[in-house]
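Comments concern the structure below.
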Amino acid sequence: AVSSSIIMAANVDNKRSLAEKALALVAFHTLFIPPILLVLTILLAPSIVKAQAILLYIAFVFWSGCTLGSELKYGNPWRRFSEDFPLFHTMRSYLGLGFGPLPNELIEAETKEGAQFIFAAFPHGCGSEFRILMEGMMHTILPDVHRRLRTLAASVLFRIPVVREIALWTGCVDASRKTAERNLDKGHSLV
């Protein structure tokens, strides 16, 4: 009885398209949460912080508007961010992250024109921060594939300010079937 009610609730919820839901939530986070934070900052902070908060708010609204819906298309990867962000370097070094030897078949296949892959990474829930750290290292082992690599990420990540931007900058796209197929048709590889 529980599983059928969950399935029914999921079917009822799918009447609106994924794009409509994403647009509504991004608009909510863009138009509602930042103004509240801005008002709190103006009321509680010294004047120099107020000016900085206003500039950050304007930049955030502009950035969110420019990238609206890119998680439903091909993402908005910023390779230098995932490769060179100092915090990521520090964490990689501290954790001793690296790749083991790759199978020869994968190395040979990667060099072929139009090579495309679907990689599985797990555990994906409780320890997903490794994905961000490994994203910045993929260019060292699979340089041809890395340029066209996208990572499927849960839709909820694109509804949380700052987390959304980090997900987009590290090559994530929405994990919906439509988005995955769109990226595969474009020639991207997927994680």
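If you're wondering about the labels, chains in the structure tokens are A, B, ... by order shown, residues count from 1 in each chain, ligands from 1 in order shown.
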
What's around His188 in chain A at 9 Å? Count only C-alpha atoms, leave out sequence neighbours fewer than 5 positions away in its own chain, and write the answer as a compact mmCIF listing (two decimals) with C-alpha atoms, in the first residue's frame.
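And here is the file that came out, part-v1.txt:
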# COMPACT_ATOMS: atom_id res chain seq x y z
CA TYR A 74 24.48 20.94 -21.62
CA ALA A 115 34.70 8.31 -28.37
CA GLN A 116 31.84 8.37 -25.90
CA PHE A 117 31.50 6.72 -22.49
CA VAL A 145 36.86 12.62 -23.00
CA ARG A 147 36.40 18.08 -22.61
CA ARG A 148 32.99 16.51 -23.32
CA LEU A 149 32.27 14.96 -19.91
CA ARG A 150 29.05 15.77 -18.02
CA ARG A 182 20.31 15.26 -25.08
CA ASN A 183 23.92 15.18 -23.86

Using only C-alpha atoms, which of A:Met134, A:Ile166, A:Ala175, A:Leu44 sits nearest Ala153 in chain A?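 Nearest candidate to Ala153 in chain A out of A:Met134, A:Ile166, A:Ala175, A:Leu44: A:Ala175.
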
For the atom pair CA of Gly187 in chain A and CA of Ile118 in chain A, what is the interatomic distance in Å to one decimal place?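 Interatomic distance here is 11.3 Å.
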